[in-house]
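Step one of this worksheet: look at the structure below.
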Amino acid sequence: MNWTMTPAISSDAFAPLAGESSTPLYRQLYDRVRASIAAGDLAPGDRVPSARALAKELGVARGTIELAYELLASEGYLLARGQAGTVIHPALQPAAAPDSRPVAPPGERAAPAPDTLWRPAQLLPFQMGVPAMDAFPRKIWARLGARYLRGMQTADLDYPPPHGLPALRSAIASYLQVARGIDCGAHQVFVTTGYRASLQLVALALMQPGDRAWVEDPGYPPTRQLLRESGLLPVPVPVDDCGLAVERGIALAPDARLAVVTPAHQSPLSMSLSLPRRHALLEWATARNAWVVEDDYDGEFRYAGRPLPALASLDRHGRVLYAGSFSKVLFPGIRLAYLVVPQAQVAAFERVGRIFFAAATPAITQAIVAEFMAEGHFSRHIQRMRKLYAERRMATIAALERGLQGRLRTEPQPGGMHLVLRLPGERSDQPLAEKLLASGMAVQAMSCWWASQRTESALLLSFTNCTTATQAERLGILIRQSL
Ligand SMILES: Cc1ncc(COP(=O)(O)O)c(C=O)c1O
């Protein structure tokens with residue numbers, strides 16, 4: 001093949017496609033490019049033909065080539081460099097083992113996303129992902145803890161039950177029925193040590209290595225990291241004002257086996273997944289026998305009207321696995337979460353849950369939470385926090401905008417625990433976030449949350465621990481002075 005029109009490489013990857021095959025043309029090209037990269041036939045930095053030239057050469061629609069390129073770029077295999085053309089991503093590292101496993105896209109391993117698990121030694125203003133630590137009812141907690149310790153029997157020294165304390169599983173099922181509209185029994189609730197453990201349980205129980213999984217882009221980086229470490233292939237799917245663009249997911253990877261979504265408040269943009277999108281997602285999952293993980297990490301915190309019912313409440317065909325966590329509604333150090341699985345999957349989860357010992361949170365913690373819920377403290381605490389966060393949110397926005405003096409505006413969503421402050425220019429957020437951290441303010445750069453090459457520059461800042469207007473005003477001033 002002679003690519004005289006462009007200085008791009010010649011490779012079997014770009015040989016004519018099989019029009020009679022049941023595999024869509026874009027998918028054939030996508031598979032071939034990946035296989036050629038894995039075989040070393042295409043090397044990092046090699047230029048690929050332009051979509052226009054390749055479409056002409058192969059006699060297919062340009063959109064077919066663009067779709068394949070877009071998918072490859074979104075997974076980090078290709079890098080679009082504007083006028084300079086598109087190349088095999090220079091940071092791509094070939095897979096170490098000479099097997100058929102896909103090579104690692106650079107965004108995931110070669111150049112890992114900034115460590116979203118990193119925490120400063122002490123809680124800093126605007127730190128993401130933490131509830132109001134000053135407002136936790138520690139006295140009640142201490143009383144329940146002391147009562148448990150006084151009443152402890154020898155049997156309580158044993159391993160806790162493998163799927164969670166029965167009292168806790170029942171309390172969670174009752175709570176979800178009322179608060180999130182989910183109709184489930186206690187036997188469908190599997191206690192875990194956190195969201196990641198819940199996701200790992202899903203991968204162990206329902207997935208096969210190499211299965212594709214839609215993830216939101218931008219999205220919570222640990223989700224895609226964990227899926228990849230579990231042998232799955234995350235496919236970043238764009239989000240827009242209505243949440244996950246389901247039709248884009250279907251175009252990019254119709255055969256995916258899993259979609260991980262944050263329907264209540266998209267992480268990190270905080271918009272809700274619209275009702276038509278919820279239906280489209282469930283329809284796709286039902287038609288394809290795929291699974292949907294609903295990551296409902298902060299669904300309770302909505303400031304206009306009541307919290308939206310969970311996606312799981314609409315699921316009539318048993319496709320949704322609902323992942324809840326106590327990190328935001330109580331405190332993250334508790335390491336306690338749960339997964340609600342469809343009735344037909346209970347046996348599969350009981351099997352892997354026993355092997356994996358997913359409910360490894362100490363029995364004392366599980367017992368205290370069960371009592372905390374049964375005595376009504378949990379619902380009261382959430383109501384109090386909803387009110388407190390609504391106040392802190394408004395106060396933070398007002399003070400921040402005073403400091404910014406109209407240079408930038410926040411775009412508050414009706415729910416969530418943080419604000420998004422968009423900045424001009426791509427990736428300008430990372431140096432600014434580092435500078436702010438040096439001033440003791442733990443804001444995050446949103447560009448770190450993107451899996452694809454597309455990035456928008458924004459700062460993410462939590463208001464849950466913002467207790468004085470001075471902090472937010474100072475932050476606004478520092479940002480303004482850096483623009
Ligand atoms: C998007 C998202 N999902 C889930 C969680 C809960 O994770 P964990 O249960 O490990 O604390 C968080 C916490 O920050 C989160 O931001």
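To be explicit about the labels: the chains of the structure tokens are called A, B, and onward in the order shown, and within each one the residues are counted from 1, while ligands get numbers from 1 in the order they are shown.
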Select from chain A every residue with an atom at most 10 Å from any atom of ligand 1, then for each give the shortest pair of atoms and their distance in Å to one decimal, using only C-alpha atoms and all ligand atoms, rows by chain and rising number, as JSON lines.
{"residue": "A:Thr116", "atom": "CA", "partner": "ligand 1", "partner_atom_place_in_ligand_line": "14 (O)", "distance": 9.0}
{"residue": "A:Leu117", "atom": "CA", "partner": "ligand 1", "partner_atom_place_in_ligand_line": "14 (O)", "distance": 8.9}
{"residue": "A:Met128", "atom": "CA", "partner": "ligand 1", "partner_atom_place_in_ligand_line": "14 (O)", "distance": 7.3}
{"residue": "A:Gly129", "atom": "CA", "partner": "ligand 1", "partner_atom_place_in_ligand_line": "14 (O)", "distance": 4.3}
{"residue": "A:Val130", "atom": "CA", "partner": "ligand 1", "partner_atom_place_in_ligand_line": "14 (O)", "distance": 7.1}
{"residue": "A:Pro131", "atom": "CA", "partner": "ligand 1", "partner_atom_place_in_ligand_line": "14 (O)", "distance": 9.7}
{"residue": "A:Thr192", "atom": "CA", "partner": "ligand 1", "partner_atom_place_in_ligand_line": "9 (O)", "distance": 8.7}
{"residue": "A:Thr193", "atom": "CA", "partner": "ligand 1", "partner_atom_place_in_ligand_line": "9 (O)", "distance": 7.2}
{"residue": "A:Gly194", "atom": "CA", "partner": "ligand 1", "partner_atom_place_in_ligand_line": "9 (O)", "distance": 3.6}
{"residue": "A:Tyr195", "atom": "CA", "partner": "ligand 1", "partner_atom_place_in_ligand_line": "9 (O)", "distance": 3.8}
{"residue": "A:Arg196", "atom": "CA", "partner": "ligand 1", "partner_atom_place_in_ligand_line": "10 (O)", "distance": 5.5}
{"residue": "A:Ala197", "atom": "CA", "partner": "ligand 1", "partner_atom_place_in_ligand_line": "10 (O)", "distance": 7.6}
{"residue": "A:Ser198", "atom": "CA", "partner": "ligand 1", "partner_atom_place_in_ligand_line": "9 (O)", "distance": 8.4}
{"residue": "A:Leu199", "atom": "CA", "partner": "ligand 1", "partner_atom_place_in_ligand_line": "4 (C)", "distance": 9.7}
{"residue": "A:Gly219", "atom": "CA", "partner": "ligand 1", "partner_atom_place_in_ligand_line": "1 (C)", "distance": 7.5}
{"residue": "A:Tyr220", "atom": "CA", "partner": "ligand 1", "partner_atom_place_in_ligand_line": "1 (C)", "distance": 5.1}
{"residue": "A:Pro221", "atom": "CA", "partner": "ligand 1", "partner_atom_place_in_ligand_line": "1 (C)", "distance": 8.4}
{"residue": "A:Pro222", "atom": "CA", "partner": "ligand 1", "partner_atom_place_in_ligand_line": "2 (C)", "distance": 8.3}
{"residue": "A:Thr223", "atom": "CA", "partner": "ligand 1", "partner_atom_place_in_ligand_line": "3 (N)", "distance": 7.8}
{"residue": "A:Val261", "atom": "CA", "partner": "ligand 1", "partner_atom_place_in_ligand_line": "1 (C)", "distance": 8.8}
{"residue": "A:Thr262", "atom": "CA", "partner": "ligand 1", "partner_atom_place_in_ligand_line": "1 (C)", "distance": 6.8}
{"residue": "A:His265", "atom": "CA", "partner": "ligand 1", "partner_atom_place_in_ligand_line": "1 (C)", "distance": 8.9}
{"residue": "A:Gln266", "atom": "CA", "partner": "ligand 1", "partner_atom_place_in_ligand_line": "1 (C)", "distance": 7.8}
{"residue": "A:Ser267", "atom": "CA", "partner": "ligand 1", "partner_atom_place_in_ligand_line": "1 (C)", "distance": 5.2}
{"residue": "A:Pro268", "atom": "CA", "partner": "ligand 1", "partner_atom_place_in_ligand_line": "1 (C)", "distance": 7.4}
{"residue": "A:Glu294", "atom": "CA", "partner": "ligand 1", "partner_atom_place_in_ligand_line": "3 (N)", "distance": 9.4}
{"residue": "A:Asp295", "atom": "CA", "partner": "ligand 1", "partner_atom_place_in_ligand_line": "3 (N)", "distance": 5.7}
{"residue": "A:Asp296", "atom": "CA", "partner": "ligand 1", "partner_atom_place_in_ligand_line": "3 (N)", "distance": 7.0}
{"residue": "A:Tyr297", "atom": "CA", "partner": "ligand 1", "partner_atom_place_in_ligand_line": "4 (C)", "distance": 4.7}
{"residue": "A:Asp298", "atom": "CA", "partner": "ligand 1", "partner_atom_place_in_ligand_line": "15 (C)", "distance": 7.9}
{"residue": "A:Ala323", "atom": "CA", "partner": "ligand 1", "partner_atom_place_in_ligand_line": "4 (C)", "distance": 8.1}
{"residue": "A:Gly324", "atom": "CA", "partner": "ligand 1", "partner_atom_place_in_ligand_line": "9 (O)", "distance": 7.4}
{"residue": "A:Ser325", "atom": "CA", "partner": "ligand 1", "partner_atom_place_in_ligand_line": "9 (O)", "distance": 4.7}
{"residue": "A:Phe326", "atom": "CA", "partner": "ligand 1", "partner_atom_place_in_ligand_line": "9 (O)", "distance": 6.6}
{"residue": "A:Ser327", "atom": "CA", "partner": "ligand 1", "partner_atom_place_in_ligand_line": "11 (O)", "distance": 4.7}
{"residue": "A:Lys328", "atom": "CA", "partner": "ligand 1", "partner_atom_place_in_ligand_line": "13 (C)", "distance": 7.2}
{"residue": "A:Phe331", "atom": "CA", "partner": "ligand 1", "partner_atom_place_in_ligand_line": "11 (O)", "distance": 8.5}
{"residue": "A:Pro332", "atom": "CA", "partner": "ligand 1", "partner_atom_place_in_ligand_line": "11 (O)", "distance": 5.4}
{"residue": "A:Gly333", "atom": "CA", "partner": "ligand 1", "partner_atom_place_in_ligand_line": "11 (O)", "distance": 8.0}
{"residue": "A:Ile334", "atom": "CA", "partner": "ligand 1", "partner_atom_place_in_ligand_line": "11 (O)", "distance": 8.5}
{"residue": "A:Arg335", "atom": "CA", "partner": "ligand 1", "partner_atom_place_in_ligand_line": "9 (O)", "distance": 6.6}
{"residue": "A:Leu336", "atom": "CA", "partner": "ligand 1", "partner_atom_place_in_ligand_line": "9 (O)", "distance": 6.6}
{"residue": "A:Ala337", "atom": "CA", "partner": "ligand 1", "partner_atom_place_in_ligand_line": "9 (O)", "distance": 5.6}
{"residue": "A:Tyr338", "atom": "CA", "partner": "ligand 1", "partner_atom_place_in_ligand_line": "9 (O)", "distance": 8.5}
{"residue": "A:Met417", "atom": "CA", "partner": "ligand 1", "partner_atom_place_in_ligand_line": "16 (O)", "distance": 9.7}
Long-range neighbours of Gly85 in chain A as a PyMOL selection string, 8 Å cut-off, only C-alpha atoms, 5 positions minimum in chain
chain A and resi 47-48+50+80
Export of the given selection (C-alpha atoms) as a PDB file, in the first residue's frame:
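Result written to out32.pdb:
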ATOM      1  CA  ARG A  47       1.760   8.059  12.095  1.00  0.00           C
ATOM      2  CA  VAL A  48      -1.531   6.559  10.922  1.00  0.00           C
ATOM      3  CA  SER A  50      -5.762  10.360   7.919  1.00  0.00           C
ATOM      4  CA  ALA A  80      -4.505  13.216  17.607  1.00  0.00           C
TER       5      ALA A  80
END
**Asked** If you run DSSP on the backbone, which residues of range 36-244 of chain A are strand (DSSP E or B), as JSON, numbers by chain?
**Response** {"A": [47, 78, 79, 80, 86, 87, 88, 93, 104, 189, 190, 191, 192, 212, 213, 214, 215, 216, 217, 233, 234, 235, 236, 237, 238, 239, 240, 243, 244]}
query = Counting only C-alpha atoms, which of A:Pro161, A:Gly440, A:Gly45, A:Gly181 gets nearest to Pro120 in chain A?
reply =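 Checking each candidate against Pro120 in chain A, we get A:Gly440 as the closest.
Remark: for Arg454 in chain A, the closest of the candidate residues A:Leu408, A:Leu79, A:Leu92, A:Ala256 is A:Leu79 (distances computed over only C-alpha atoms).
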Could you list, with a cut-off of 8 Å and counting only C-alpha atoms, the residues of range 174-218 of chain A near range 229-237 of chain A, each shown with its nearest atom pair and the distance in Å rounded to one decimal, rows sorted by chain and ascending number, as a Markdown table?
| residue | atom | partner | partner_atom | distance |
| --- | --- | --- | --- | --- |
| A:Gln200 | CA | A:Ser230 | CA | 7.1 |
| A:Ala203 | CA | A:Ser230 | CA | 6.8 |
| A:Met207 | CA | A:Leu232 | CA | 7.9 |
| A:Gln208 | CA | A:Leu232 | CA | 7.5 |
| A:Pro209 | CA | A:Gly231 | CA | 4.8 |
| A:Gly210 | CA | A:Leu232 | CA | 4.9 |
| A:Asp211 | CA | A:Leu232 | CA | 5.1 |
| A:Arg212 | CA | A:Leu233 | CA | 4.6 |
| A:Ala213 | CA | A:Pro234 | CA | 4.7 |
| A:Trp214 | CA | A:Val235 | CA | 4.7 |
| A:Val215 | CA | A:Pro236 | CA | 4.9 |
| A:Glu216 | CA | A:Val237 | CA | 5.2 |
| A:Asp217 | CA | A:Pro236 | CA | 5.3 |
| A:Pro218 | CA | A:Pro236 | CA | 8.0 |
Point-to-point distance from CA of Thr361 in chain A to CA of Asn465 in chain A, Å rounded to tenths: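 Separating CA of Thr361 in chain A from CA of Asn465 in chain A is a distance of 26.1 Å.
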Exercise for review: Using only C-alpha atoms, determine which residues lie at most 12 Å from Ala472 in chain A, disregarding the query and same-chain residues fewer than 5 positions distant; provide the list as JSON, numbers by chain.
Suggested key: {"A": [125, 126, 392, 393, 394, 395, 396, 397, 398, 399, 400, 401, 402, 403, 404, 419, 441, 442, 443, 461, 462, 463, 464, 465, 466, 467, 477, 478, 479]}
Output for the residues just chosen: N, CA and C atoms as a compact mmCIF listing (two decimals), in the first residue's frame:
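part_27.txt was written with the following content:
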# COMPACT_ATOMS: atom_id res chain seq x y z
N PRO A 125 -8.87 22.47 53.70
CA PRO A 125 -10.08 23.06 53.13
C PRO A 125 -10.27 22.64 51.68
N PHE A 126 -11.51 22.40 51.30
CA PHE A 126 -11.96 22.08 49.93
C PHE A 126 -11.61 20.66 49.49
N ARG A 392 -23.64 25.51 53.54
CA ARG A 392 -22.21 25.68 53.24
C ARG A 392 -21.98 25.90 51.75
N ARG A 393 -22.82 25.24 50.96
CA ARG A 393 -22.69 25.37 49.50
C ARG A 393 -22.96 26.81 49.07
N MET A 394 -24.08 27.37 49.58
CA MET A 394 -24.42 28.75 49.19
C MET A 394 -23.37 29.73 49.70
N ALA A 395 -22.92 29.52 50.95
CA ALA A 395 -21.93 30.45 51.53
C ALA A 395 -20.61 30.35 50.75
N THR A 396 -20.23 29.14 50.36
CA THR A 396 -18.97 28.97 49.63
C THR A 396 -19.06 29.65 48.27
N ILE A 397 -20.20 29.45 47.57
CA ILE A 397 -20.36 30.06 46.24
C ILE A 397 -20.27 31.59 46.35
N ALA A 398 -21.00 32.14 47.33
CA ALA A 398 -21.03 33.60 47.47
C ALA A 398 -19.63 34.15 47.76
N ALA A 399 -18.92 33.52 48.71
CA ALA A 399 -17.60 34.04 49.09
C ALA A 399 -16.59 33.85 47.95
N LEU A 400 -16.67 32.71 47.29
CA LEU A 400 -15.75 32.42 46.17
C LEU A 400 -15.95 33.46 45.07
N GLU A 401 -17.20 33.76 44.77
CA GLU A 401 -17.47 34.71 43.68
C GLU A 401 -17.07 36.13 44.08
N ARG A 402 -17.15 36.42 45.39
CA ARG A 402 -16.64 37.73 45.84
C ARG A 402 -15.15 37.83 45.54
N GLY A 403 -14.44 36.73 45.87
CA GLY A 403 -12.98 36.74 45.63
C GLY A 403 -12.65 36.76 44.15
N LEU A 404 -13.47 36.14 43.35
CA LEU A 404 -13.19 36.06 41.90
C LEU A 404 -13.55 37.35 41.16
N LEU A 419 -18.09 21.72 44.10
CA LEU A 419 -18.39 22.67 43.02
C LEU A 419 -17.39 22.48 41.89
N MET A 441 -4.72 24.57 50.20
CA MET A 441 -6.10 24.36 49.75
C MET A 441 -6.13 23.17 48.80
N ALA A 442 -6.86 22.13 49.21
CA ALA A 442 -6.78 20.86 48.47
C ALA A 442 -7.82 20.77 47.36
N VAL A 443 -7.77 21.70 46.40
CA VAL A 443 -8.68 21.58 45.26
C VAL A 443 -8.06 20.58 44.27
N LEU A 461 -13.85 21.50 43.89
CA LEU A 461 -13.63 21.85 45.30
C LEU A 461 -14.85 21.50 46.13
N SER A 462 -14.59 20.82 47.21
CA SER A 462 -15.69 20.40 48.07
C SER A 462 -16.06 21.52 49.04
N PHE A 463 -17.36 21.66 49.31
CA PHE A 463 -17.79 22.70 50.26
C PHE A 463 -18.19 22.11 51.61
N THR A 464 -18.14 20.79 51.74
CA THR A 464 -18.71 20.17 52.95
C THR A 464 -17.96 20.58 54.23
N ASN A 465 -16.67 20.84 54.11
CA ASN A 465 -15.88 21.24 55.29
C ASN A 465 -15.50 22.71 55.27
N CYS A 466 -16.17 23.47 54.41
CA CYS A 466 -15.85 24.89 54.32
C CYS A 466 -16.65 25.62 55.39
N THR A 467 -15.99 25.96 56.50
CA THR A 467 -16.72 26.47 57.66
C THR A 467 -16.68 27.99 57.77
N ILE A 477 -9.68 34.75 45.49
CA ILE A 477 -8.64 35.78 45.21
C ILE A 477 -7.42 35.12 44.59
N LEU A 478 -6.98 33.99 45.18
CA LEU A 478 -5.79 33.30 44.66
C LEU A 478 -6.00 32.85 43.22
N ILE A 479 -7.20 32.35 42.93
CA ILE A 479 -7.49 31.89 41.56
C ILE A 479 -7.46 33.09 40.61
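With only C-alpha atoms as the atoms that count, the residue of A:Val352, A:Ala13, A:Ala186, A:Leu436 with the shortest distance to Tyr30 in chain A is A:Ala13.
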Q.
Show me, as a list of chain:residue names, the residues that have an atom within 10 Å of Arg302 in chain A when counting only C-alpha atoms, minus same-chain residues fewer than 6 positions from it.
A.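 Near Arg302 in chain A, the qualifying residues are A:Ala264, A:His265, A:Leu308, A:Arg386, A:Lys387, A:Tyr389, A:Ala390, A:Gln413, A:Pro414, A:Gly415, A:Gly416, A:Met417.
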| query | Residues at most 12 Å from Ala312 in chain A, counting only C-alpha atoms, excluding those fewer than 6 positions away in the same chain, as number ranges by chain? | reply | A: 176-177, 180-184, 261-264, 278-279, 281-282, 291-296, 318-324, 339-342
Just to be explicit: take each residue in the selection above, keep C-alpha atoms, and write the result as a compact mmCIF listing (two decimals), in the first residue's frame.
# COMPACT_ATOMS: atom_id res chain seq x y z
CA LEU A 176 -33.04 1.71 50.61
CA GLN A 177 -36.72 0.92 50.26
CA ARG A 180 -33.87 5.29 47.36
CA GLY A 181 -37.00 3.48 46.17
CA ILE A 182 -35.20 0.13 45.86
CA ASP A 183 -37.27 -2.94 46.49
CA CYS A 184 -34.84 -5.52 47.87
CA VAL A 261 -22.43 4.98 36.12
CA THR A 262 -23.04 7.64 38.76
CA PRO A 263 -26.69 8.48 37.94
CA ALA A 264 -27.60 10.65 40.93
CA ARG A 278 -31.87 5.88 32.35
CA HIS A 279 -34.38 4.02 30.21
CA LEU A 281 -29.24 2.38 29.52
CA LEU A 282 -31.54 -0.24 31.01
CA TRP A 291 -24.77 -5.31 33.71
CA VAL A 292 -25.01 -1.81 35.09
CA VAL A 293 -23.23 -0.81 38.28
CA GLU A 294 -24.99 2.15 39.85
CA ASP A 295 -22.40 3.96 41.97
CA ASP A 296 -24.67 5.94 44.32
CA GLY A 318 -32.49 -7.55 37.12
CA ARG A 319 -29.58 -5.84 35.32
CA VAL A 320 -28.54 -3.24 37.94
CA LEU A 321 -26.05 -3.79 40.76
CA TYR A 322 -26.50 -0.98 43.23
CA ALA A 323 -23.29 0.13 45.01
CA GLY A 324 -23.79 2.19 48.16
CA LEU A 339 -23.75 -4.00 46.96
CA VAL A 340 -27.38 -4.84 46.24
CA VAL A 341 -27.62 -7.58 43.63
CA PRO A 342 -30.61 -8.77 41.56
Find the residues near Arg143 in chain A: any atom within 12 Å, counting only C-alpha atoms, skip ones fewer than 6 places away on the same chain, and give them as a ChimeraX atom specification.
-> /A:137,149-150,368,371-372
Would you mind telling me which residue in A:Met152, A:Lys139, A:Gln453, A:Met385 lies nearest to Pro238 in chain A when using only C-alpha atoms?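 Smallest distance to Pro238 in chain A is found for A:Gln453.
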